[in-house]
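K.L.:
Take a look at the following structure, please.
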Amino acid sequence: MKKQLLSAALVALLASPVLAQNLAVVNGKPVPISRVKALQQQVEASGRPVTPEVLDQIKQELIAREVFMQEARKRGLDASEDYKTQLELARQTILIRQLFADFQKKNPVTDADIKAEYDKFAKENGGKEYRARHILVETEADAKALIADIKKGGNFEELAKKASKDPGSGANGGDLDWAAAGSYVPEFSGAMVKLDKGQMTDTPVKTQFGFHIIRVDDVRDAQLPKLEEVRPQIAQQLQQQKLSAYQEGLRSKAKIQ
């Protein structure tokens, strides 16, 4: 009979409005269930899935925090200047985060914005791509000597490995991989685009880096990613641009003495 009465009392307690609204009651002080939801949202925002095990960890963490908070207040630590300063900084951080979240919610990046940015990117990066090789040397005389060797049957790739001062491409026989003409300095790209597939410059090309011998191995239309492939990156970039412009606008309007 006593066990039945105790069980009934326990069921009634668990079903009571107090525990229904709270995670727990620690030393008479309730821990609202809303804190569980708030911390759960933070974990989810970080990209971590909230499994039943993680949810249990969240609940235990919140109960432990309440225990430690009560002890800190008991010792009067919440009255210290250091605590008040850190609390104000934390309050500012949270409020500013809310401000920026509110701005982004009211000023979303639209599909039209993303399409316009992609079209701009495609226009700037369209056209031709070149698979080129080069040999970089310090003097014009060295470059002319290498051109003469290649015309006599010398192997461009082997000479690049031996003579090129470009550490990035030299070891690969001068290979620069696929790139648009705009990827290079004007003197280099200007000479490169005049070459047909398989053709080499007859005279050294001078740039700020030295003297180049350039050969074009192939030419193709620029290979651009499709809009859907880069949509998330474009959206994130535009969102950041909008937020940066908003922040700068607030700074410029502020009267700072």
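Residues in the structure tokens are numbered from 1 in each chain, the chains being A, B, ... in the order shown, and ligands are numbered from 1 in the order shown.
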Where in range 137-198 of chain A does DSSP assign strand (DSSP E or B), given as an NGL selection string?
P.N.:
:A and (137 or 175-180)
K.L.:
Skip Lys226 in chain A itself and residues of its chain fewer than 2 positions away, then list as number ranges by chain all residues within 12 Å of it, counting only C-alpha atoms.
P.N.:
A: 115, 118-119, 121-122, 223-224, 228-232, 234
K.L.:
Might you pull out every residue within 8 Å of range 164-169 of chain A, with only C-alpha atoms counted and same-chain residues fewer than 6 positions away left off, and present them as a count of residues only?
P.N.:
8
K.L.:
Would you please extract all alpha helix (DSSP H) residues from range 67-175 of chain A, as assigned by DSSP on the backbone, and give them as a ChimeraX atom specification?
P.N.:
/A:67-74,81-106,111-125,140-151,156-163,167-170
K.L.:
Generate a file of the selected residues that holds C-alpha atoms, formatted as a tab-separated table (two decimals), in the first residue's frame.
P.N.:
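result32.tsv written:
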chain	number	residue	atom	x	y	z
A	67	VAL	CA	24.55	24.63	-9.16
A	68	PHE	CA	27.75	26.57	-9.85
A	69	MET	CA	25.92	29.88	-10.32
A	70	GLN	CA	24.24	29.52	-6.96
A	71	GLU	CA	27.59	28.87	-5.29
A	72	ALA	CA	29.18	31.88	-7.03
A	73	ARG	CA	26.36	34.16	-5.85
A	74	LYS	CA	26.61	32.71	-2.35
A	81	GLU	CA	33.81	44.75	-10.67
A	82	ASP	CA	35.49	42.12	-12.86
A	83	TYR	CA	32.23	40.21	-13.14
A	84	LYS	CA	30.26	43.35	-13.96
A	85	THR	CA	32.75	44.32	-16.69
A	86	GLN	CA	32.68	40.88	-18.29
A	87	LEU	CA	28.90	40.78	-18.02
A	88	GLU	CA	28.63	44.11	-19.87
A	89	LEU	CA	30.95	42.89	-22.63
A	90	ALA	CA	28.92	39.70	-22.98
A	91	ARG	CA	25.69	41.73	-23.09
A	92	GLN	CA	27.13	43.90	-25.87
A	93	THR	CA	28.20	40.85	-27.87
A	94	ILE	CA	24.77	39.23	-27.64
A	95	LEU	CA	22.90	42.43	-28.47
A	96	ILE	CA	25.15	43.24	-31.45
A	97	ARG	CA	24.71	39.70	-32.73
A	98	GLN	CA	20.96	40.17	-32.50
A	99	LEU	CA	21.24	43.48	-34.40
A	100	PHE	CA	23.13	41.88	-37.28
A	101	ALA	CA	20.79	38.87	-37.36
A	102	ASP	CA	17.81	41.22	-37.53
A	103	PHE	CA	19.41	43.17	-40.41
A	104	GLN	CA	20.13	40.00	-42.38
A	105	LYS	CA	16.60	38.74	-41.81
A	106	LYS	CA	15.12	41.99	-43.14
A	111	ASP	CA	17.86	34.95	-56.30
A	112	ALA	CA	18.13	38.00	-58.54
A	113	ASP	CA	21.14	39.24	-56.54
A	114	ILE	CA	22.84	35.86	-56.88
A	115	LYS	CA	22.11	35.65	-60.63
A	116	ALA	CA	23.47	39.16	-61.23
A	117	GLU	CA	26.67	38.39	-59.32
A	118	TYR	CA	27.14	35.14	-61.22
A	119	ASP	CA	26.62	36.89	-64.57
A	120	LYS	CA	29.23	39.46	-63.57
A	121	PHE	CA	31.65	36.70	-62.63
A	122	ALA	CA	31.01	34.85	-65.89
A	123	LYS	CA	31.59	38.00	-67.93
A	124	GLU	CA	34.87	38.78	-66.17
A	125	ASN	CA	36.16	35.19	-66.34
A	140	GLU	CA	67.87	38.46	-72.29
A	141	ALA	CA	71.05	36.75	-73.52
A	142	ASP	CA	70.19	33.59	-71.57
A	143	ALA	CA	66.66	33.62	-73.00
A	144	LYS	CA	67.90	34.04	-76.57
A	145	ALA	CA	70.35	31.17	-76.13
A	146	LEU	CA	67.57	28.89	-74.90
A	147	ILE	CA	65.31	29.86	-77.80
A	148	ALA	CA	68.11	28.97	-80.19
A	149	ASP	CA	68.59	25.59	-78.46
A	150	ILE	CA	64.88	24.78	-78.69
A	151	LYS	CA	64.74	25.72	-82.37
A	156	PHE	CA	61.45	22.70	-73.94
A	157	GLU	CA	60.37	20.74	-70.84
A	158	GLU	CA	63.87	19.52	-69.99
A	159	LEU	CA	65.40	22.95	-70.50
A	160	ALA	CA	62.70	24.44	-68.21
A	161	LYS	CA	63.61	21.95	-65.48
A	162	LYS	CA	67.30	22.85	-65.76
A	163	ALA	CA	67.22	26.59	-66.41
A	167	PRO	CA	60.28	27.39	-58.66
A	168	GLY	CA	56.58	26.70	-59.14
A	169	SER	CA	56.57	25.63	-62.78
A	170	GLY	CA	60.22	24.86	-63.47
K.L.:
State, in Å with one decimal place, the distance from CA of Gly47 in chain A to CA of Gln233 in chain A.
P.N.:
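For CA of Gly47 in chain A relative to CA of Gln233 in chain A, the distance reads 17.1 Å.
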K.L.:
Would you work out the distance separating CA of Leu227 in chain A from CA of Gly127 in chain A, expressed in Å to one decimal?
P.N.:
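Computing it gives 17.2 Å between the two atoms.
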K.L.:
Which is closer to Val219 in chain A than all the others in A:Leu195, A:Glu129, A:Leu250, A:Gly182, using only C-alpha atoms?
P.N.:
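Of all the options, A:Glu129 lies closest to Val219 in chain A.
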K.L.:
My list of candidates is A:Val26, A:Ala254, A:Ala180, A:Ala191. Which is closest to Ile213 in chain A when distances are computed with only C-alpha atoms?
P.N.:
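Among A:Val26, A:Ala254, A:Ala180, A:Ala191, it is A:Ala191 that comes nearest to Ile213 in chain A.
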K.L.:
Of the residues A:Gln199, A:Val36, A:Glu66, A:Lys253, which is the one nearest to Val54 in chain A, using only C-alpha atoms?
P.N.:
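Of A:Gln199, A:Val36, A:Glu66, A:Lys253, the one nearest Val54 in chain A, counting only C-alpha atoms, is A:Val36.
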K.L.:
Could you work out how far CA of Ala132 in chain A lies from CA of Tyr184 in chain A, giving the answer in Å with one decimal?
P.N.:
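According to the coordinates, CA of Tyr184 in chain A and CA of Ala132 in chain A are separated by 11.1 Å.
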K.L.:
Can you pull out every residue within 12 Å of Leu39 in chain A, counting only C-alpha atoms, but drop anything in the same chain fewer than 2 positions away, and send it as a list in words?
P.N.:
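Returned residues: Pro32, Ile33, Ser34, Arg35, Val36, Lys37, Gln41, Gln42, Val43, Glu44, Ala45, Ser46, Arg48, Val50, Val54, Leu55, Asp56, Gln57, Ile58, Lys59, Gln60, Glu61 and Leu62 of chain A.
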K.L.:
Check the smallest atom-to-atom distance from each of A:Val31, A:Gln241, A:Tyr130, A:Trp178 to Val193 in chain A using only C-alpha atoms, then report the winner.
P.N.:
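The shortest atom-to-atom distance to Val193 in chain A comes from A:Tyr130.
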